[in-house]
file protein_34.cif (mmCIF, C-alpha atoms and all ligand atoms)
data_entry
loop_
_atom_site.label_atom_id
_atom_site.label_comp_id
_atom_site.auth_asym_id
_atom_site.auth_seq_id
_atom_site.Cartn_x
_atom_site.Cartn_y
_atom_site.Cartn_z
CA MET A 28 5.67 -5.45 -35.47
CA SER A 29 6.69 -4.16 -32.05
CA ARG A 30 9.00 -1.19 -31.86
CA LYS A 31 12.18 -0.65 -29.88
CA ARG A 32 13.37 2.44 -28.07
CA THR A 33 16.14 2.91 -30.62
CA ASP A 34 13.51 3.24 -33.36
CA PHE A 35 12.57 6.70 -32.04
CA ASP A 36 14.13 10.06 -31.45
CA LEU A 37 13.63 11.27 -27.90
CA THR A 38 10.59 13.47 -28.53
CA SER A 39 8.61 11.03 -30.62
CA TRP A 40 9.55 8.21 -28.26
CA ARG A 41 8.02 9.99 -25.26
CA THR A 42 4.98 11.02 -27.25
CA TRP A 43 4.42 7.48 -28.43
CA LEU A 44 4.76 6.14 -24.88
CA ASN A 45 2.25 8.69 -23.65
CA VAL A 46 -0.21 7.66 -26.36
CA LEU A 47 0.20 4.00 -25.47
CA PHE A 48 -0.19 4.70 -21.76
CA TYR A 49 -3.35 6.69 -22.44
CA GLU A 50 -4.78 3.89 -24.57
CA GLY A 51 -3.84 1.29 -21.97
CA SER A 52 -5.40 3.33 -19.19
CA ARG A 53 -8.61 3.83 -21.18
CA ALA A 54 -8.84 0.11 -21.84
CA ARG A 55 -8.20 -0.61 -18.20
CA GLU A 56 -10.94 1.77 -17.10
CA ALA A 57 -13.29 0.00 -19.49
CA GLY A 58 -12.31 -3.39 -18.06
CA ASP A 59 -10.79 -4.50 -21.36
CA TRP A 60 -7.87 -6.29 -19.72
CA GLU A 61 -6.65 -7.92 -22.93
CA LEU A 62 -6.21 -4.63 -24.70
CA ALA A 63 -4.80 -2.88 -21.62
CA ILE A 64 -2.24 -5.63 -21.07
CA ARG A 65 -1.23 -5.46 -24.73
CA LYS A 66 -0.70 -1.70 -24.53
CA PHE A 67 1.34 -1.83 -21.33
CA HIS A 68 3.41 -4.64 -22.80
CA GLU A 69 4.09 -2.50 -25.85
CA ILE A 70 5.36 0.28 -23.62
CA LEU A 71 7.60 -2.07 -21.68
CA GLU A 72 9.08 -3.48 -24.86
CA ILE A 73 10.15 0.04 -25.76
CA ASP A 74 11.10 1.11 -22.25
CA PRO A 75 11.50 -1.76 -19.73
CA ASP A 76 12.21 0.78 -16.97
CA ASP A 77 8.78 2.39 -17.16
CA TYR A 78 7.67 1.28 -13.72
CA LEU A 79 4.28 3.00 -13.86
CA SER A 80 3.37 0.87 -16.86
CA ARG A 81 4.67 -2.23 -15.14
CA ILE A 82 2.51 -1.49 -12.10
CA ALA A 83 -0.47 -0.90 -14.39
CA LEU A 84 0.29 -4.17 -16.16
CA ALA A 85 0.40 -5.99 -12.83
CA ASP A 86 -2.88 -4.38 -11.77
CA CYS A 87 -4.48 -5.68 -14.97
CA TYR A 88 -3.16 -9.18 -14.32
CA ALA A 89 -4.56 -9.02 -10.80
CA ALA A 90 -7.94 -7.84 -12.05
CA ARG A 91 -7.98 -10.61 -14.66
CA GLY A 92 -7.37 -13.28 -12.02
CA GLN A 93 -3.69 -13.96 -12.76
CA PRO A 94 -2.08 -13.42 -9.34
CA ASN A 95 1.18 -15.15 -10.27
CA ASP A 96 1.74 -12.84 -13.23
CA ALA A 97 0.73 -9.85 -11.15
CA ILE A 98 3.13 -10.74 -8.35
CA ALA A 99 5.95 -11.34 -10.82
CA ALA A 100 5.41 -7.88 -12.31
CA TYR A 101 5.16 -6.21 -8.90
CA ARG A 102 8.40 -7.92 -7.90
CA GLN A 103 10.15 -6.54 -10.96
CA VAL A 104 9.07 -3.06 -9.90
CA LEU A 105 10.25 -3.58 -6.33
CA ALA A 106 13.62 -4.85 -7.53
CA HIS A 107 14.34 -1.35 -8.85
CA HIS A 108 12.11 0.69 -6.54
CA PRO A 109 12.15 -1.08 -3.17
CA ALA A 110 10.61 1.88 -1.34
CA LEU A 111 7.36 1.78 -3.33
CA ASN A 112 5.15 0.75 -0.45
CA VAL A 113 2.02 0.95 -2.53
CA VAL A 114 3.33 -1.98 -4.58
CA LYS A 115 3.97 -4.00 -1.43
CA LEU A 116 0.41 -3.36 -0.35
CA LYS A 117 -0.91 -4.42 -3.73
CA MET A 118 0.97 -7.69 -3.41
CA LEU A 119 -0.38 -8.35 0.04
CA ALA A 120 -3.89 -7.42 -1.00
CA LEU A 121 -3.68 -10.16 -3.61
CA ARG A 122 -3.50 -12.81 -0.97
CA TRP A 123 -5.37 -11.35 2.00
CA GLU A 124 -8.93 -10.14 2.10
CA ARG A 125 -10.15 -7.93 4.93
CA VAL A 126 -13.52 -8.93 6.33
CA GLY A 127 -15.70 -7.56 9.12
CA GLU A 128 -16.31 -3.98 10.14
CA CYS A 129 -15.14 -1.35 12.56
CA VAL A 130 -16.88 -1.64 15.94
CA ARG A 131 -15.64 1.83 16.90
CA CYS A 132 -13.63 0.76 19.91
CA GLY A 133 -11.05 3.48 19.25
CA ALA A 134 -8.19 1.14 20.11
CA CYS A 135 -6.26 1.80 16.94
CA CYS A 136 -6.27 5.53 17.68
CA ARG A 137 -4.56 5.15 21.05
CA LYS A 138 -1.26 3.86 22.36
CA MET A 139 0.03 2.89 18.94
CA LEU A 140 3.49 2.21 17.67
CA LEU A 141 4.28 4.44 14.71
CA THR A 142 6.65 3.93 11.83
CA HIS A 143 8.14 6.45 9.46
CA LEU A 144 10.04 5.50 6.30
CA ASN A 145 10.06 1.90 7.45
CA ARG A 146 11.61 2.76 10.81
CA ARG A 147 9.84 2.72 14.12
CA ILE A 148 9.53 6.12 15.78
CA ALA A 149 11.33 5.51 19.06
CA THR A 150 10.90 8.68 21.08
CA ALA A 151 8.79 11.80 21.52
CA ASP A 152 11.69 13.88 20.21
CA GLU A 153 11.88 11.79 17.05
CA LEU A 154 8.20 12.38 16.38
CA ALA A 155 8.65 16.12 16.99
CA GLN A 156 11.53 16.23 14.50
CA ILE A 157 9.52 14.42 11.84
CA GLN A 158 6.59 16.78 12.36
CA ALA A 159 8.82 19.87 12.29
CA ALA A 160 10.37 18.68 9.02
CA GLY A 161 6.95 18.28 7.42
CA GLY A 162 7.20 14.51 7.44
CA GLY A 163 3.61 13.97 8.52
CA HIS A 164 2.22 12.19 11.59
CA ASP A 165 0.91 15.58 12.71
CA ASN A 166 -2.10 14.07 14.45
CA TRP A 167 -0.04 12.06 16.88
CA ARG A 168 1.34 12.85 20.30
CA PHE A 169 3.65 10.87 22.52
CA ASP A 170 1.69 8.84 25.08
CA GLY A 171 4.23 7.07 27.22
CA ASN A 172 6.09 3.82 26.85
CA GLY A 173 4.65 0.33 26.74
CA PRO A 174 5.66 -2.50 29.10
CA ASP A 175 8.44 -3.38 26.67
CA GLY A 176 9.73 0.20 26.74
CA LYS A 177 8.60 1.09 23.22
CA ALA A 178 7.24 4.58 22.63
CA LEU A 179 3.48 4.75 22.15
CA PHE A 180 1.48 7.48 20.44
CA THR A 181 -2.14 8.57 20.63
CA CYS A 182 -4.08 10.59 18.12
CA ARG A 183 -4.88 14.14 19.19
CA HIS A 184 -8.39 13.84 17.79
CA ILE A 185 -9.86 10.73 19.35
CA GLY A 186 -12.71 11.60 21.69
CA PRO A 187 -13.84 9.98 24.95
CA ASP A 188 -16.68 8.39 22.99
CA ASN A 189 -14.08 6.59 20.84
CA LEU A 190 -15.36 8.34 17.75
CA CYS A 191 -13.24 10.24 15.28
CA PRO A 192 -14.32 13.88 15.20
CA ILE A 193 -12.65 14.38 11.83
CA HIS A 194 -13.97 11.18 10.31
CA SER A 195 -14.87 12.68 6.92
CA ARG A 196 -11.40 14.17 6.53
CA ARG A 197 -9.34 11.64 8.45
CA PRO A 198 -5.92 10.80 6.99
CA GLN A 199 -5.51 8.09 4.37
CA LEU A 200 -3.56 6.12 6.97
CA CYS A 201 -6.75 5.84 9.01
CA ARG A 202 -8.97 5.16 6.01
CA ASP A 203 -6.79 2.23 5.02
CA TYR A 204 -6.45 0.74 8.50
CA PRO A 205 -6.14 -2.14 9.11
CA THR A 206 -4.14 -3.18 6.08
CA PRO A 207 -2.96 -6.77 5.52
CA LEU A 208 0.42 -5.66 6.85
CA VAL A 209 -0.90 -5.55 10.41
CA ARG A 210 -3.15 -8.60 10.14
CA SER A 211 -1.23 -10.46 12.84
CA ARG A 212 -1.23 -7.49 15.18
CA LEU A 213 -4.85 -6.41 15.25
CA ARG A 214 -6.02 -4.85 18.47
CA PRO A 215 -7.97 -7.20 20.77
CA GLY A 216 -11.65 -6.78 19.98
CA CYS A 217 -11.08 -5.22 16.57
CA GLY A 218 -14.02 -6.01 14.32
CA TYR A 219 -11.83 -6.79 11.34
CA SER A 220 -9.98 -9.95 10.43
CA PHE A 221 -8.17 -11.26 7.37
CA ILE A 222 -8.75 -14.39 5.36
CA LYS A 223 -6.44 -15.77 2.76
CA ARG A 224 -7.73 -15.61 -0.77
CA THR A 225 -8.10 -19.06 -2.29
CA ALA A 226 -6.20 -18.39 -5.49
CA ALA A 227 -3.32 -16.87 -3.63
CA ALA A 228 -3.24 -19.69 -1.11
CA GLN A 229 -2.54 -22.12 -3.92
CA GLN A 230 0.46 -20.35 -5.30
CA ASP A 231 2.15 -18.11 -2.81
CA GLN A 232 3.82 -20.29 -0.23
CA ASP A 233 7.27 -19.29 -1.42
CA ASN A 234 6.35 -15.65 -1.91
CA ALA A 235 4.88 -15.25 1.54
CA ASN A 236 8.21 -15.43 3.31
CA THR A 237 9.78 -12.67 1.29
CA LEU A 238 7.08 -10.03 1.59
CA PRO A 239 7.62 -7.04 3.86
CA GLU A 240 5.94 -7.13 7.23
CA ARG A 241 5.92 -3.42 7.83
CA ILE A 242 5.72 -0.17 5.95
CA ASP A 243 4.75 3.32 7.02
CA ASN A 244 1.65 2.69 8.99
CA LYS A 245 0.06 3.08 12.32
CA ASP A 246 1.00 -0.17 13.84
CA MET A 247 0.81 -2.02 17.10
S1 LIG A 301 -9.30 -1.33 16.46
FE1 LIG A 301 -10.56 -2.08 14.74
S2 LIG A 301 -12.68 -1.95 15.47
FE2 LIG A 301 -11.42 -0.69 16.86
S3 LIG A 301 -11.57 1.39 15.99
FE3 LIG A 301 -9.74 0.43 15.12
S4 LIG A 301 -10.42 -0.49 13.18
FE4 LIG A 301 -12.27 -0.05 14.40
S1 LIG A 302 -7.72 10.81 12.80
FE1 LIG A 302 -9.54 9.81 13.58
S2 LIG A 302 -9.41 7.69 12.84
FE2 LIG A 302 -7.40 8.60 12.64
S3 LIG A 302 -6.31 8.02 14.51
FE3 LIG A 302 -7.23 10.05 14.84
S4 LIG A 302 -9.22 9.67 15.79
FE4 LIG A 302 -8.49 7.74 14.88
#

call {"tool": "encode", "arguments": {"input": "protein_34.cif", "output": "structure tokens"}}
result
Amino acid sequence: MSRKRTDFDLTSWRTWLNVLFYEGSRAREAGDWELAIRKFHEILEIDPDDYLSRIALADCYAARGQPNDAIAAYRQVLAHHPALNVVKLKMLALRWERVGECVRCGACCRKMLLTHLNRRIATADELAQIQAAGGGHDNWRFDGNGPDGKALFTCRHIGPDNLCPIHSRRPQLCRDYPTPLVRSRLRPGCGYSFIKRTAAAQQDQDNANTLPERIDNKDM
């Protein structure tokens, strides 16, 4: 019989949730999706607001080939935590697959638009303020304005050979690039492209229009 939050005092409730989350995570690591899903469901029956468990549940659905269920669970998380960009990326990754490889043209390290907290960085001063406040983007410097007047930024590290001299310790932003979020704005000549996953193509026509187009990212 499943339990409810009111069945527990606060201490035993948290302890029980931690046990369930541990068991669910172990099952997930072992690829036992059935058991993992059951454990995360148990947690959510007790505490529907446990968004980490809901994300884990969605991840299990995605891994088990149930994109609709995964997207539904991710959406529930975003309804309460709209700034969780990692969830948006997970949703996009369900329907777009990156193919190809980097041809080391260096284009995505130069003359880029940058965003911070979902807003485009519009000026050199704005970038300086973000950096001074510890908001990241430390590798970037202002590099003039594009033909449309938008501020462009170039990485301080990129060399004349187009190689990244800090490749082994480059930021996560660079490791992840290009994400599905910038699939329609790849640099000319970029060796990557995106293809729609078959399963997602069958079921996501309505979802596609409501997904975010941009999150914190180096962009173009
Ligand atoms: S634009 Fe594409 S191919 Fe060129 S460096 Fe960036 S990721 Fe690699
Ligand atoms: S850190 Fe390296 S990969 Fe990232 S933008 Fe700079 S040169 Fe490019």

call {"tool": "residues_around", "arguments": {"input": "protein_34.cif", "residues": "range 220-223 of chain A", "least_positions_apart": "3", "cutoff": "8 Å", "atoms": "all atoms listed in the file", "output": "JSON, numbers by chain"}}
result
{"A": [122, 123, 124, 125, 126, 127, 207, 210, 213, 217, 227, 228]}

call {"tool": "residues_near_ligand", "arguments": {"input": "protein_34.cif", "ligand": "ligand LIG 301 (chain A)", "cutoff": "8 Å", "atoms": "all atoms listed in the file", "output": "ChimeraX atom specification"}}
result
/A:128-136,189,204-205,213-219

call {"tool": "residues_around", "arguments": {"input": "protein_34.cif", "residues": "Ser52 in chain A", "least_positions_apart": "5", "cutoff": "9 Å", "atoms": "all atoms listed in the file", "output": "list in words"}}
result
Leu47, Ala57, Ala63, Lys66, Phe67 and Ala83 of chain A

call {"tool": "residues_around", "arguments": {"input": "protein_34.cif", "residues": "Pro94 in chain A", "least_positions_apart": "3", "cutoff": "7 Å", "atoms": "all atoms listed in the file", "output": "CSV table (one decimal) with C-alpha atoms, in the coordinates of the input"}}
result
chain,number,residue,atom,x,y,z
A,88,TYR,CA,-3.2,-9.2,-14.3
A,89,ALA,CA,-4.6,-9.0,-10.8
A,97,ALA,CA,0.7,-9.8,-11.2
A,98,ILE,CA,3.1,-10.7,-8.4
A,121,LEU,CA,-3.7,-10.2,-3.6
A,227,ALA,CA,-3.3,-16.9,-3.6

call {"tool": "closest_atom_pairs", "arguments": {"input": "protein_34.cif", "of": "chain A", "to": "ligand LIG 302 (chain A)", "cutoff": "12 Å", "atoms": "only C-alpha atoms and all ligand atoms", "output": "CSV"}}
result
residue,atom,partner,partner_atom,distance
A:Cys129,CA,A:LIG302,S2,10.7
A:Arg131,CA,A:LIG302,S2,9.5
A:Cys132,CA,A:LIG302,FE4,10.0
A:Gly133,CA,A:LIG302,FE4,6.6
A:Ala134,CA,A:LIG302,FE4,8.4
A:Cys135,CA,A:LIG302,FE4,6.7
A:Cys136,CA,A:LIG302,S3,4.0
A:Arg137,CA,A:LIG302,S3,7.4
A:Lys138,CA,A:LIG302,S3,10.2
A:Met139,CA,A:LIG302,S3,9.3
A:Leu140,CA,A:LIG302,S3,11.8
A:Leu141,CA,A:LIG302,S3,11.2
A:His164,CA,A:LIG302,S3,9.9
A:Asp165,CA,A:LIG302,S1,9.9
A:Asn166,CA,A:LIG302,FE3,6.5
A:Trp167,CA,A:LIG302,FE3,7.7
A:Arg168,CA,A:LIG302,FE3,10.5
A:Phe180,CA,A:LIG302,S3,9.8
A:Thr181,CA,A:LIG302,S3,7.4
A:Cys182,CA,A:LIG302,FE3,4.6
A:Arg183,CA,A:LIG302,FE3,6.4
A:His184,CA,A:LIG302,S4,4.7
A:Ile185,CA,A:LIG302,S4,3.8
A:Gly186,CA,A:LIG302,S4,7.1
A:Pro187,CA,A:LIG302,S4,10.3
A:Asp188,CA,A:LIG302,S4,10.4
A:Asn189,CA,A:LIG302,S4,7.7
A:Leu190,CA,A:LIG302,S4,6.6
A:Cys191,CA,A:LIG302,S4,4.1
A:Pro192,CA,A:LIG302,FE1,6.5
A:Ile193,CA,A:LIG302,FE1,5.8
A:His194,CA,A:LIG302,FE1,5.7
A:Ser195,CA,A:LIG302,FE1,9.0
A:Arg196,CA,A:LIG302,S1,8.0
A:Arg197,CA,A:LIG302,S1,4.7
A:Pro198,CA,A:LIG302,S1,6.1
A:Gln199,CA,A:LIG302,FE2,8.5
A:Leu200,CA,A:LIG302,FE2,7.3
A:Cys201,CA,A:LIG302,FE2,4.6
A:Arg202,CA,A:LIG302,S2,7.3
A:Asp203,CA,A:LIG302,S2,9.9
A:Tyr204,CA,A:LIG302,S2,8.7
A:Pro205,CA,A:LIG302,S2,11.0
A:Asn244,CA,A:LIG302,S3,11.1
A:Lys245,CA,A:LIG302,S3,8.4
A:Asp246,CA,A:LIG302,S3,11.0

call {"tool": "residues_around", "arguments": {"input": "protein_34.cif", "residues": "range 146-162 of chain A", "least_positions_apart": "6", "cutoff": "7 Å", "atoms": "only C-alpha atoms", "output": "ChimeraX atom specification"}}
result
/A:169,177-178

call {"tool": "atom_distance", "arguments": {"input": "protein_34.cif", "atom1": "CA of Leu71 in chain A", "atom2": "CA of Arg102 in chain A"}}
result
15.0 Å

call {"tool": "residues_around", "arguments": {"input": "protein_34.cif", "residues": "Cys87 in chain A", "least_positions_apart": "6", "cutoff": "9 Å", "atoms": "all atoms listed in the file", "output": "mmCIF file with C-alpha atoms, keeping the file's coordinate frame"}}
result
data_model
loop_
_atom_site.group_PDB
_atom_site.id
_atom_site.type_symbol
_atom_site.label_atom_id
_atom_site.label_comp_id
_atom_site.auth_asym_id
_atom_site.auth_seq_id
_atom_site.Cartn_x
_atom_site.Cartn_y
_atom_site.Cartn_z
ATOM 1 C CA ARG A 55 -8.200 -0.610 -18.200
ATOM 2 C CA GLY A 58 -12.310 -3.390 -18.060
ATOM 3 C CA TRP A 60 -7.870 -6.290 -19.720
ATOM 4 C CA GLU A 61 -6.650 -7.920 -22.930
ATOM 5 C CA ALA A 63 -4.800 -2.880 -21.620
ATOM 6 C CA ILE A 64 -2.240 -5.630 -21.070
ATOM 7 C CA GLN A 93 -3.690 -13.960 -12.760
ATOM 8 C CA ALA A 97 0.730 -9.850 -11.150
#

call {"tool": "closest_residue", "arguments": {"input": "protein_34.cif", "among": "A:Thr42, A:Ser80, A:Thr206, A:Arg224", "to": "Gly92 in chain A", "atoms": "all atoms listed in the file"}}
result
A:Arg224

call {"tool": "atom_distance", "arguments": {"input": "protein_34.cif", "atom1": "CA of Arg212 in chain A", "atom2": "CA of Leu111 in chain A"}}
result
22.4 Å

call {"tool": "atom_distance", "arguments": {"input": "protein_34.cif", "atom1": "CA of Gln103 in chain A", "atom2": "CA of Leu79 in chain A"}}
result
11.6 Å

call {"tool": "closest_residue", "arguments": {"input": "protein_34.cif", "among": "A:Asp76, A:Leu144, A:Arg91, A:Arg41", "to": "Asp59 in chain A", "atoms": "only C-alpha atoms"}}
result
A:Arg91

call {"tool": "closest_residue", "arguments": {"input": "protein_34.cif", "among": "A:His143, A:His68, A:Gly171, A:Ile73", "to": "Ala110 in chain A", "atoms": "only C-alpha atoms"}}
result
A:His143

call {"tool": "axis_aligned_box", "arguments": {"input": "protein_34.cif", "around": "range 38-55 of chain A", "padding_each_side": "6 Å", "output": "lines of an AutoDock Vina configuration file"}}
result
center_x = 0.9
center_y = 6.4
center_z = -24.4
size_x = 31.4
size_y = 26.1
size_z = 24.4

call {"tool": "closest_residue", "arguments": {"input": "protein_34.cif", "among": "A:Asp175, A:Asp96, A:Glu72, A:Asp170", "to": "Leu84 in chain A", "atoms": "all atoms listed in the file"}}
result
A:Asp96
